file target_33.txt (compact mmCIF, C-alpha atoms)
# COMPACT_ATOMS: atom_id res chain seq x y z
CA MET A 1 189.23 214.20 278.51
CA ALA A 2 189.93 217.86 279.13
CA HIS A 3 193.06 219.00 277.40
CA SER A 4 194.47 222.02 279.18
CA ALA A 5 198.00 222.00 277.82
CA PRO A 6 199.29 225.40 276.72
CA PRO A 7 199.23 225.80 272.96
CA SER A 8 202.52 224.74 271.47
CA PRO A 9 204.35 227.24 269.27
CA THR A 10 204.18 225.01 266.24
CA PRO A 11 201.10 222.88 266.57
CA HIS A 12 201.53 219.93 264.33
CA ALA A 13 199.33 216.93 263.90
CA LEU A 14 199.61 213.76 261.90
CA ILE A 15 196.63 212.05 260.40
CA ASP A 16 197.34 208.36 260.03
CA GLU A 17 195.84 206.10 257.40
CA MET A 18 192.69 205.57 259.45
CA GLY A 19 192.07 209.25 260.03
CA HIS A 20 193.35 209.11 263.56
CA ALA A 21 194.75 212.52 264.42
CA THR A 22 197.91 212.24 266.46
CA ALA A 23 199.75 215.08 268.12
CA VAL A 24 203.42 214.93 267.28
CA ALA A 25 205.76 215.05 270.21
CA THR A 26 208.86 217.05 269.45
CA SER A 27 209.56 218.09 273.03
CA PRO A 28 208.51 216.73 276.44
CA LYS A 29 205.97 219.56 276.80
CA ARG A 30 204.37 218.65 273.52
CA SER A 31 204.23 214.94 274.22
CA ARG A 32 200.67 215.30 275.53
CA VAL A 33 198.16 213.51 273.40
CA ARG A 34 195.34 215.50 271.83
CA ALA A 35 191.88 215.07 273.31
CA ARG A 36 190.49 213.67 270.07
CA THR A 37 193.30 211.10 269.85
CA ARG A 38 192.62 210.07 273.44
CA LEU A 39 188.92 209.70 272.66
CA ASP A 40 189.72 207.56 269.60
CA PHE A 41 192.11 205.39 271.58
CA TRP A 42 189.83 204.75 274.56
CA LEU A 43 186.69 204.28 272.48
CA ASP A 44 188.47 201.79 270.21
CA LEU A 45 189.81 199.94 273.26
CA VAL A 46 186.36 199.81 274.86
CA LEU A 47 184.90 198.49 271.59
CA LEU A 48 187.56 195.78 271.36
CA VAL A 49 187.14 194.66 274.97
CA ALA A 50 183.33 194.78 274.68
CA PHE A 51 183.45 192.60 271.59
CA ILE A 52 185.78 190.08 273.25
CA PHE A 53 183.42 189.76 276.22
CA ASP A 54 180.32 189.72 274.03
CA TYR A 55 181.72 186.97 271.82
CA SER A 56 182.54 184.88 274.89
CA PHE A 57 178.90 184.04 275.33
CA ARG A 58 179.26 181.15 277.76
CA PHE A 59 181.29 183.35 280.06
CA THR A 60 178.94 186.36 280.13
CA GLY A 61 175.54 184.67 280.00
CA LEU A 62 172.55 185.87 278.03
CA THR A 63 171.58 189.02 279.91
CA ILE A 64 175.06 190.57 280.05
CA HIS A 65 175.67 189.45 276.46
CA GLU A 66 172.63 191.35 275.26
CA TRP A 67 173.27 194.54 277.22
CA ILE A 68 176.92 194.62 276.15
CA GLY A 69 175.70 194.07 272.60
CA LEU A 70 173.34 197.05 272.76
CA GLY A 71 176.07 199.27 274.21
CA PHE A 72 178.45 197.96 271.56
CA GLY A 73 176.00 198.91 268.81
CA ILE A 74 175.71 202.49 270.09
CA SER A 75 179.49 202.83 270.55
CA LEU A 76 179.98 201.45 267.04
CA MET A 77 177.81 204.23 265.64
CA VAL A 78 179.90 206.82 267.49
CA HIS A 79 183.11 205.17 266.21
CA LEU A 80 181.81 205.28 262.64
CA THR A 81 180.68 208.88 263.02
CA LEU A 82 184.09 209.95 264.34
CA HIS A 83 185.80 208.35 261.34
CA TRP A 84 183.24 209.32 258.71
CA ASP A 85 185.68 211.86 257.25
CA TRP A 86 188.13 209.03 256.56
CA VAL A 87 185.38 206.93 254.98
CA LEU A 88 184.41 209.74 252.60
CA ARG A 89 188.01 210.71 251.80
CA THR A 90 189.13 207.15 251.06
CA THR A 91 186.00 206.31 249.08
CA ARG A 92 186.59 209.40 246.93
CA HIS A 93 190.19 208.38 246.24
CA LEU A 94 189.32 204.75 245.60
CA ALA A 95 189.03 205.17 241.84
CA GLY A 96 192.26 207.16 241.62
CA HIS A 97 195.66 206.60 243.15
CA LEU A 98 195.36 204.88 246.50
CA ALA A 99 198.06 202.86 248.22
CA GLY A 100 197.49 199.11 248.33
CA ARG A 101 197.40 199.14 252.10
CA GLU A 102 194.70 201.80 252.13
CA ARG A 103 192.69 199.86 249.60
CA ILE A 104 192.89 196.71 251.75
CA ARG A 105 191.87 198.71 254.81
CA TRP A 106 188.88 200.17 252.97
CA ILE A 107 187.71 196.70 251.85
CA VAL A 108 188.16 195.24 255.35
CA ASP A 109 186.32 198.17 256.92
CA LEU A 110 183.46 197.97 254.43
CA ALA A 111 183.08 194.26 255.13
CA LEU A 112 183.23 194.99 258.86
CA LEU A 113 180.54 197.65 258.54
CA LEU A 114 178.20 195.25 256.74
CA VAL A 115 178.88 192.25 258.97
CA MET A 116 178.84 194.12 262.28
CA THR A 117 175.65 196.00 261.44
CA LEU A 118 173.92 192.73 260.56
CA CYS A 119 175.34 191.12 263.71
CA VAL A 120 174.05 193.85 266.05
CA ALA A 121 170.72 194.16 264.21
CA SER A 122 170.09 190.42 264.24
CA GLY A 123 171.11 190.33 267.92
CA VAL A 124 168.48 192.95 268.67
CA LEU A 125 165.88 191.05 266.67
CA ILE A 126 166.46 187.79 268.57
CA SER A 127 166.84 189.39 272.01
CA ARG A 128 165.35 187.29 274.78
CA SER A 129 166.32 189.35 277.77
CA ALA A 130 167.23 193.00 277.15
CA LEU A 131 164.45 194.08 274.82
CA PRO A 132 161.65 192.12 276.55
CA ALA A 133 162.83 193.78 279.78
CA ILE A 134 161.98 197.18 278.34
CA GLY A 135 158.68 195.97 276.88
CA ILE A 136 159.70 195.33 273.28
CA THR A 137 158.97 191.97 271.71
CA PRO A 138 161.56 191.12 269.05
CA VAL A 139 160.65 189.26 265.87
CA GLY A 140 163.14 186.42 266.24
CA GLY A 141 163.34 183.47 263.87
CA GLU A 142 165.81 180.94 262.58
CA PHE A 143 167.16 183.24 259.90
CA TRP A 144 168.13 186.00 262.35
CA THR A 145 169.63 183.49 264.82
CA GLY A 146 171.74 181.94 262.09
CA LEU A 147 172.71 185.35 260.74
CA HIS A 148 173.73 186.49 264.23
CA THR A 149 176.10 183.56 264.81
CA THR A 150 177.52 183.59 261.28
CA THR A 151 178.21 187.33 261.28
CA ALA A 152 179.71 187.15 264.80
CA ASP A 153 182.20 184.52 263.63
CA ILE A 154 183.15 186.58 260.57
CA THR A 155 183.42 189.71 262.73
CA VAL A 156 186.08 188.11 264.97
CA ALA A 157 188.33 187.53 261.98
CA LEU A 158 187.69 190.97 260.50
CA ILE A 159 188.25 192.76 263.82
CA GLY A 160 191.62 191.04 264.13
CA VAL A 161 192.64 192.33 260.70
CA HIS A 162 191.10 195.77 261.32
CA VAL A 163 193.04 196.24 264.58
CA ALA A 164 196.23 194.78 263.13
CA LEU A 165 196.18 197.22 260.21
CA SER A 166 196.43 200.08 262.74
CA TRP A 167 199.01 198.45 265.01
CA ARG A 168 201.60 201.21 264.58
CA TRP A 169 199.07 203.89 265.57
CA ILE A 170 197.93 201.79 268.53
CA LEU A 171 201.50 201.31 269.74
CA SER A 172 202.54 204.94 269.35
CA VAL A 173 199.40 206.43 270.93
CA GLY A 174 199.11 203.67 273.52
CA ARG A 175 202.64 204.34 274.75
CA ARG A 176 201.90 208.03 275.21
CA VAL A 177 198.39 207.68 276.59
CA LEU A 178 199.34 205.04 279.14
CA ARG A 179 202.61 206.69 280.14
CA ARG A 180 202.58 208.41 283.53
CA PRO A 181 203.13 212.15 283.44
CA ALA A 182 206.81 213.01 283.87
CA ASN A 183 206.33 215.08 287.01
CA ARG A 184 204.42 212.30 288.78
CA ALA A 185 207.06 209.74 287.81
CA ALA A 186 209.83 211.98 289.13
CA ARG A 187 208.26 212.14 292.62
CA MET B 1 176.85 220.24 263.71
CA LYS B 2 179.39 218.27 261.69
CA PHE B 3 179.08 215.38 264.13
CA LEU B 4 175.29 215.34 263.72
CA ARG B 5 175.61 215.43 259.95
CA HIS B 6 178.00 212.49 260.03
CA LEU B 7 175.82 210.63 262.52
CA LEU B 8 172.85 211.07 260.20
CA ALA B 9 174.90 209.66 257.30
CA VAL B 10 175.93 206.69 259.46
CA LEU B 11 172.30 206.07 260.43
CA VAL B 12 171.27 206.10 256.77
CA VAL B 13 173.97 203.57 255.88
CA ILE B 14 173.02 201.34 258.83
CA SER B 15 169.34 201.50 257.87
CA LEU B 16 170.26 200.48 254.33
CA VAL B 17 172.26 197.48 255.56
CA VAL B 18 169.46 196.39 257.91
CA SER B 19 166.94 196.74 255.07
CA LEU B 20 169.16 194.51 252.96
CA GLY B 21 169.11 192.02 255.82
CA PHE B 22 165.31 192.03 255.83
CA LEU B 23 165.26 191.57 252.04
CA TRP B 24 167.66 188.64 252.47
CA SER B 25 165.44 187.07 255.14
CA HIS B 26 162.54 187.03 252.65
CA SER B 27 164.59 185.80 249.72
CA GLY B 28 165.37 182.26 248.69
CA ALA B 29 168.95 182.70 249.92
CA ALA B 30 167.77 182.96 253.55
CA GLY B 31 168.58 179.27 254.03
CA LEU B 32 172.28 180.07 253.67
CA VAL B 33 172.49 181.36 257.23
CA ALA B 34 169.34 179.98 258.86
CA ASP B 35 170.16 178.35 262.18
CA GLY B 36 170.48 174.64 261.70
CA GLY B 37 170.91 173.90 265.38
CA GLY B 38 174.62 174.45 265.38
CA ASP B 39 176.85 174.62 268.42
CA ARG B 40 177.05 178.41 268.67
CA GLY B 41 174.72 181.29 269.29
CA PRO B 42 171.34 181.98 270.78
CA SER B 43 168.35 179.86 269.93
CA ARG B 44 164.72 180.68 270.47
CA PRO B 45 162.98 179.48 273.59
CA PRO B 46 160.54 176.61 273.17
CA SER B 47 157.28 177.87 271.79
CA GLY B 48 153.74 176.62 271.48
CA ALA B 49 152.44 173.69 273.46
CA ALA B 50 155.81 172.65 274.82
CA ALA B 51 156.40 176.07 276.31
CA THR B 52 152.96 176.58 277.79
CA SER B 53 152.86 173.14 279.32
CA GLY B 54 156.23 173.75 280.91
CA ALA B 55 157.75 170.71 279.24
CA SER B 56 161.49 171.01 279.41
CA THR B 57 163.58 170.60 276.35
CA ALA B 58 167.04 169.14 276.54
CA PRO B 59 169.62 171.91 276.57
CA SER B 60 171.65 171.82 273.42
CA GLY B 61 174.20 174.07 271.83
CA ARG B 62 176.56 176.67 273.22
CA PHE B 63 173.80 179.09 274.11
CA ASP B 64 171.65 176.75 276.10
CA ARG B 65 174.48 175.50 278.26
CA ARG B 66 174.51 178.87 280.01
CA GLY B 67 171.84 180.28 282.21
CA ASN B 68 170.83 183.92 282.35
CA SER B 69 172.34 184.51 285.75
CA GLY B 70 175.40 186.41 284.60
CA ILE B 71 179.12 185.89 284.47
CA SER B 72 180.22 182.29 284.91
CA LEU B 73 183.83 181.96 285.99
CA SER B 74 183.76 178.25 285.26
CA ASN B 75 183.41 179.18 281.59
CA ILE B 76 186.35 181.55 281.53
CA ASP B 77 187.95 179.27 278.94
CA ASP B 78 185.43 180.71 276.47
CA LEU B 79 186.89 184.17 277.06
CA GLY B 80 190.39 182.73 276.74
CA GLN B 81 189.47 181.11 273.44
CA THR B 82 188.22 184.42 272.03
CA VAL B 83 191.41 186.20 273.13
CA VAL B 84 193.58 183.46 271.58
CA VAL B 85 191.70 183.51 268.26
CA LEU B 86 191.86 187.31 268.04
CA GLY B 87 195.51 187.30 269.10
CA LEU B 88 196.44 184.77 266.45
CA ILE B 89 194.73 186.74 263.67
CA LEU B 90 196.19 190.02 264.91
CA GLY B 91 199.67 188.55 265.28
CA GLY B 92 199.51 186.99 261.82
CA VAL B 93 198.58 190.24 260.11
CA VAL B 94 201.18 192.24 262.06
CA ALA B 95 203.86 189.67 261.16
CA ILE B 96 202.95 189.88 257.46
CA ASP B 97 202.97 193.68 257.63
CA ARG B 98 206.37 193.79 259.34
CA THR B 99 207.88 191.35 256.84
CA ARG B 100 206.52 193.41 253.93
CA ARG B 101 207.90 196.65 255.38
CA ARG B 102 211.30 195.07 256.06
CA ARG B 103 211.50 193.68 252.54
CA ARG B 104 210.50 197.03 251.05
CA GLY B 105 213.11 198.79 253.16
CA ALA B 106 215.78 196.33 252.04
CA THR B 107 214.86 196.83 248.37
CA ARG B 108 215.02 200.61 248.81
CA ARG B 109 218.45 200.40 250.48
CA GLU B 110 219.67 198.10 247.73
CA ARG B 111 218.56 200.58 245.08
CA LEU B 112 220.32 203.44 246.85
CA MET B 113 223.53 201.43 247.11
CA ASN B 114 223.37 200.40 243.47
CA PRO B 115 222.55 203.45 241.30
CA GLN B 116 222.35 201.29 238.18
CA LEU B 117 219.09 199.89 239.50
CA LEU B 118 217.70 203.43 239.51
CA GLY B 119 218.56 203.77 235.84
CA ARG B 120 221.39 206.24 236.47
CA PRO B 121 224.55 205.96 234.36
call {"tool": "encode", "arguments": {"input": "target_33.txt", "output": "structure tokens"}}
result
Amino acid sequence: MAHSAPPSPTPHALIDEMGHATAVATSPKRSRVRARTRLDFWLDLVLLVAFIFDYSFRFTGLTIHEWIGLGFGISLMVHLTLHWDWVLRTTRHLAGHLAGRERIRWIVDLALLLVMTLCVASGVLISRSALPAIGITPVGGEFWTGLHTTTADITVALIGVHVALSWRWILSVGRRVLRRPANRAAR
Amino acid sequence: MKFLRHLLAVLVVISLVVSLGFLWSHSGAAGLVADGGGDRGPSRPPSGAAATSGASTAPSGRFDRRGNSGISLSNIDDLGQTVVVLGLILGGVVAIDRTRRRRRGATRRERLMNPQLLGRP
């Protein structure tokens, strides 16, 4: 994650709709991606992959499902914390002039926050493997089981929309993050 | 410091949502999501006499078809299904977004080519 590139003469960063800061590449030297952008990209990717595995319950089995779920919950809190500035900024501008796309994104993200929080919380409350393993007895119950499955199903749809609304950012950063450094490629 | 402040705010919001969940569980609307023995999701282990006597219950539902032993490659289709569902939603939204952008770009070009549409003499 260390970013040791020499400071560019005209440091310039773009903040996309989601609050993702992206270093602008105007020359090959400046095409390096900022550390924060890298962190956003990899954390978001880990969250997406973790959710895909966690939702595929028959594939992972109960124990892995629960531990991935706990890790997912913690990573989700970090993701939210990293983008809290965007949440505050967009909420403040909600009453005033805000582009339709931004408004849709805010609604989707709010729904995702509610649904995902309930999904992770209910998953913790009905845990049969992870929490008992560390000596905690969850409350359980039909309500929490039903809530867990219902919110998980809604989350799949919302995650698809949430990711799709940032597809340009994902493509542009993904290309630069996954690209091999020029000097290594030249060898 | 800023990170901690934001983390605290996030924790407050999460606590609020979880509290709402608890309120919901005690309200009359709890039946809306209560598990009716559907095909998906975890279900509680057998309790009471059946559990203590070791009586086995017939496995039912998506959850009970899997053991706790870890990854099951024979059920990789489940992972494939998730990827397909997510991919379809993602692709759909991206397609809509691209069409909207293309249409908007075409309208803008049309306006530039035809100044009368801009209200210029």
call {"tool": "atom_distance", "arguments": {"input": "target_33.txt", "atom1": "CA of Arg109 in chain B", "atom2": "CA of Gly96 in chain A"}}
result
28.5 Å
call {"tool": "interface_residues", "arguments": {"input": "target_33.txt", "of": "chain B", "to": "chain A", "cutoff": "6 Å", "atoms": "only C-alpha atoms", "output": "PyMOL selection string"}}
result
chain B and resi 6-7+33-35+41+66+68+70-72+75-76+78-79+86+89-90+93-94
call {"tool": "atom_distance", "arguments": {"input": "target_33.txt", "atom1": "CA of Val87 in chain A", "atom2": "CA of Asp109 in chain A"}}
result
9.0 Å
call {"tool": "closest_residue", "arguments": {"input": "target_33.txt", "among": "B:Val85, B:Leu73, B:Val18, B:Ala30", "to": "Ile154 in chain A", "atoms": "only C-alpha atoms"}}
result
B:Val85
call {"tool": "atom_distance", "arguments": {"input": "target_33.txt", "atom1": "CA of Arg104 in chain B", "atom2": "CA of Leu112 in chain A"}}
result
28.4 Å
call {"tool": "closest_residue", "arguments": {"input": "target_33.txt", "among": "A:Asp40, A:Arg103, A:Leu94, A:Ala133", "to": "Glu66 in chain A", "atoms": "all atoms listed in the file"}}
result
A:Ala133
call {"tool": "residues_around", "arguments": {"input": "target_33.txt", "residues": "Leu47 in chain A", "least_positions_apart": "3", "cutoff": "8 Å", "atoms": "only C-alpha atoms", "output": "PyMOL selection string"}}
result
chain A and resi 43-44+50-51+72+75-76
call {"tool": "decode", "arguments": {"input": "target_33.txt", "residues": "range 1-25 of chain B", "atoms": "N, CA and C atoms", "output": "tab-separated table (two decimals), in the first residue's frame"}}
result
chain	number	residue	atom	x	y	z
B	1	MET	N	-7.64	10.58	13.60
B	1	MET	CA	-8.69	11.18	14.42
B	1	MET	C	-10.01	11.28	13.65
B	2	LYS	N	-9.88	11.72	12.38
B	2	LYS	CA	-11.06	11.85	11.53
B	2	LYS	C	-11.68	10.48	11.29
B	3	PHE	N	-10.80	9.51	11.08
B	3	PHE	CA	-11.27	8.14	10.85
B	3	PHE	C	-12.07	7.64	12.05
B	4	LEU	N	-11.53	7.90	13.26
B	4	LEU	CA	-12.21	7.44	14.48
B	4	LEU	C	-13.56	8.13	14.65
B	5	ARG	N	-13.58	9.41	14.31
B	5	ARG	CA	-14.83	10.17	14.42
B	5	ARG	C	-15.88	9.58	13.47
B	6	HIS	N	-15.43	9.29	12.26
B	6	HIS	CA	-16.36	8.71	11.27
B	6	HIS	C	-16.78	7.30	11.68
B	7	LEU	N	-15.83	6.54	12.23
B	7	LEU	CA	-16.15	5.18	12.67
B	7	LEU	C	-17.20	5.21	13.78
B	8	LEU	N	-17.06	6.17	14.66
B	8	LEU	CA	-18.02	6.33	15.76
B	8	LEU	C	-19.42	6.63	15.20
B	9	ALA	N	-19.45	7.52	14.19
B	9	ALA	CA	-20.73	7.86	13.56
B	9	ALA	C	-21.34	6.63	12.91
B	10	VAL	N	-20.50	5.84	12.24
B	10	VAL	CA	-20.99	4.62	11.59
B	10	VAL	C	-21.54	3.65	12.63
B	11	LEU	N	-20.84	3.52	13.76
B	11	LEU	CA	-21.28	2.61	14.82
B	11	LEU	C	-22.63	3.05	15.39
B	12	VAL	N	-22.80	4.36	15.51
B	12	VAL	CA	-24.08	4.89	16.02
B	12	VAL	C	-25.21	4.53	15.06
B	13	VAL	N	-24.96	4.75	13.76
B	13	VAL	CA	-25.99	4.45	12.75
B	13	VAL	C	-26.32	2.95	12.77
B	14	ILE	N	-25.29	2.12	12.83
B	14	ILE	CA	-25.50	0.67	12.84
B	14	ILE	C	-26.30	0.25	14.08
B	15	SER	N	-25.94	0.84	15.23
B	15	SER	CA	-26.68	0.51	16.46
B	15	SER	C	-28.15	0.89	16.32
B	16	LEU	N	-28.39	2.04	15.69
B	16	LEU	CA	-29.78	2.48	15.49
B	16	LEU	C	-30.55	1.47	14.64
B	17	VAL	N	-29.90	1.02	13.55
B	17	VAL	CA	-30.57	0.08	12.63
B	17	VAL	C	-30.84	-1.25	13.35
B	18	VAL	N	-29.86	-1.71	14.13
B	18	VAL	CA	-30.04	-2.98	14.85
B	18	VAL	C	-31.16	-2.82	15.89
B	19	SER	N	-31.20	-1.66	16.55
B	19	SER	CA	-32.28	-1.42	17.52
B	19	SER	C	-33.64	-1.47	16.84
B	20	LEU	N	-33.69	-0.89	15.63
B	20	LEU	CA	-34.95	-0.94	14.87
B	20	LEU	C	-35.33	-2.39	14.57
B	21	GLY	N	-34.31	-3.20	14.28
B	21	GLY	CA	-34.55	-4.62	14.03
B	21	GLY	C	-35.15	-5.31	15.25
B	22	PHE	N	-34.61	-4.98	16.42
B	22	PHE	CA	-35.14	-5.57	17.66
B	22	PHE	C	-36.58	-5.11	17.90
B	23	LEU	N	-36.83	-3.82	17.63
B	23	LEU	CA	-38.21	-3.30	17.79
B	23	LEU	C	-39.15	-4.06	16.86
B	24	TRP	N	-38.68	-4.27	15.63
B	24	TRP	CA	-39.47	-4.99	14.62
B	24	TRP	C	-39.77	-6.41	15.10
B	25	SER	N	-38.76	-7.05	15.70
B	25	SER	CA	-38.94	-8.45	16.13
B	25	SER	C	-40.01	-8.57	17.22
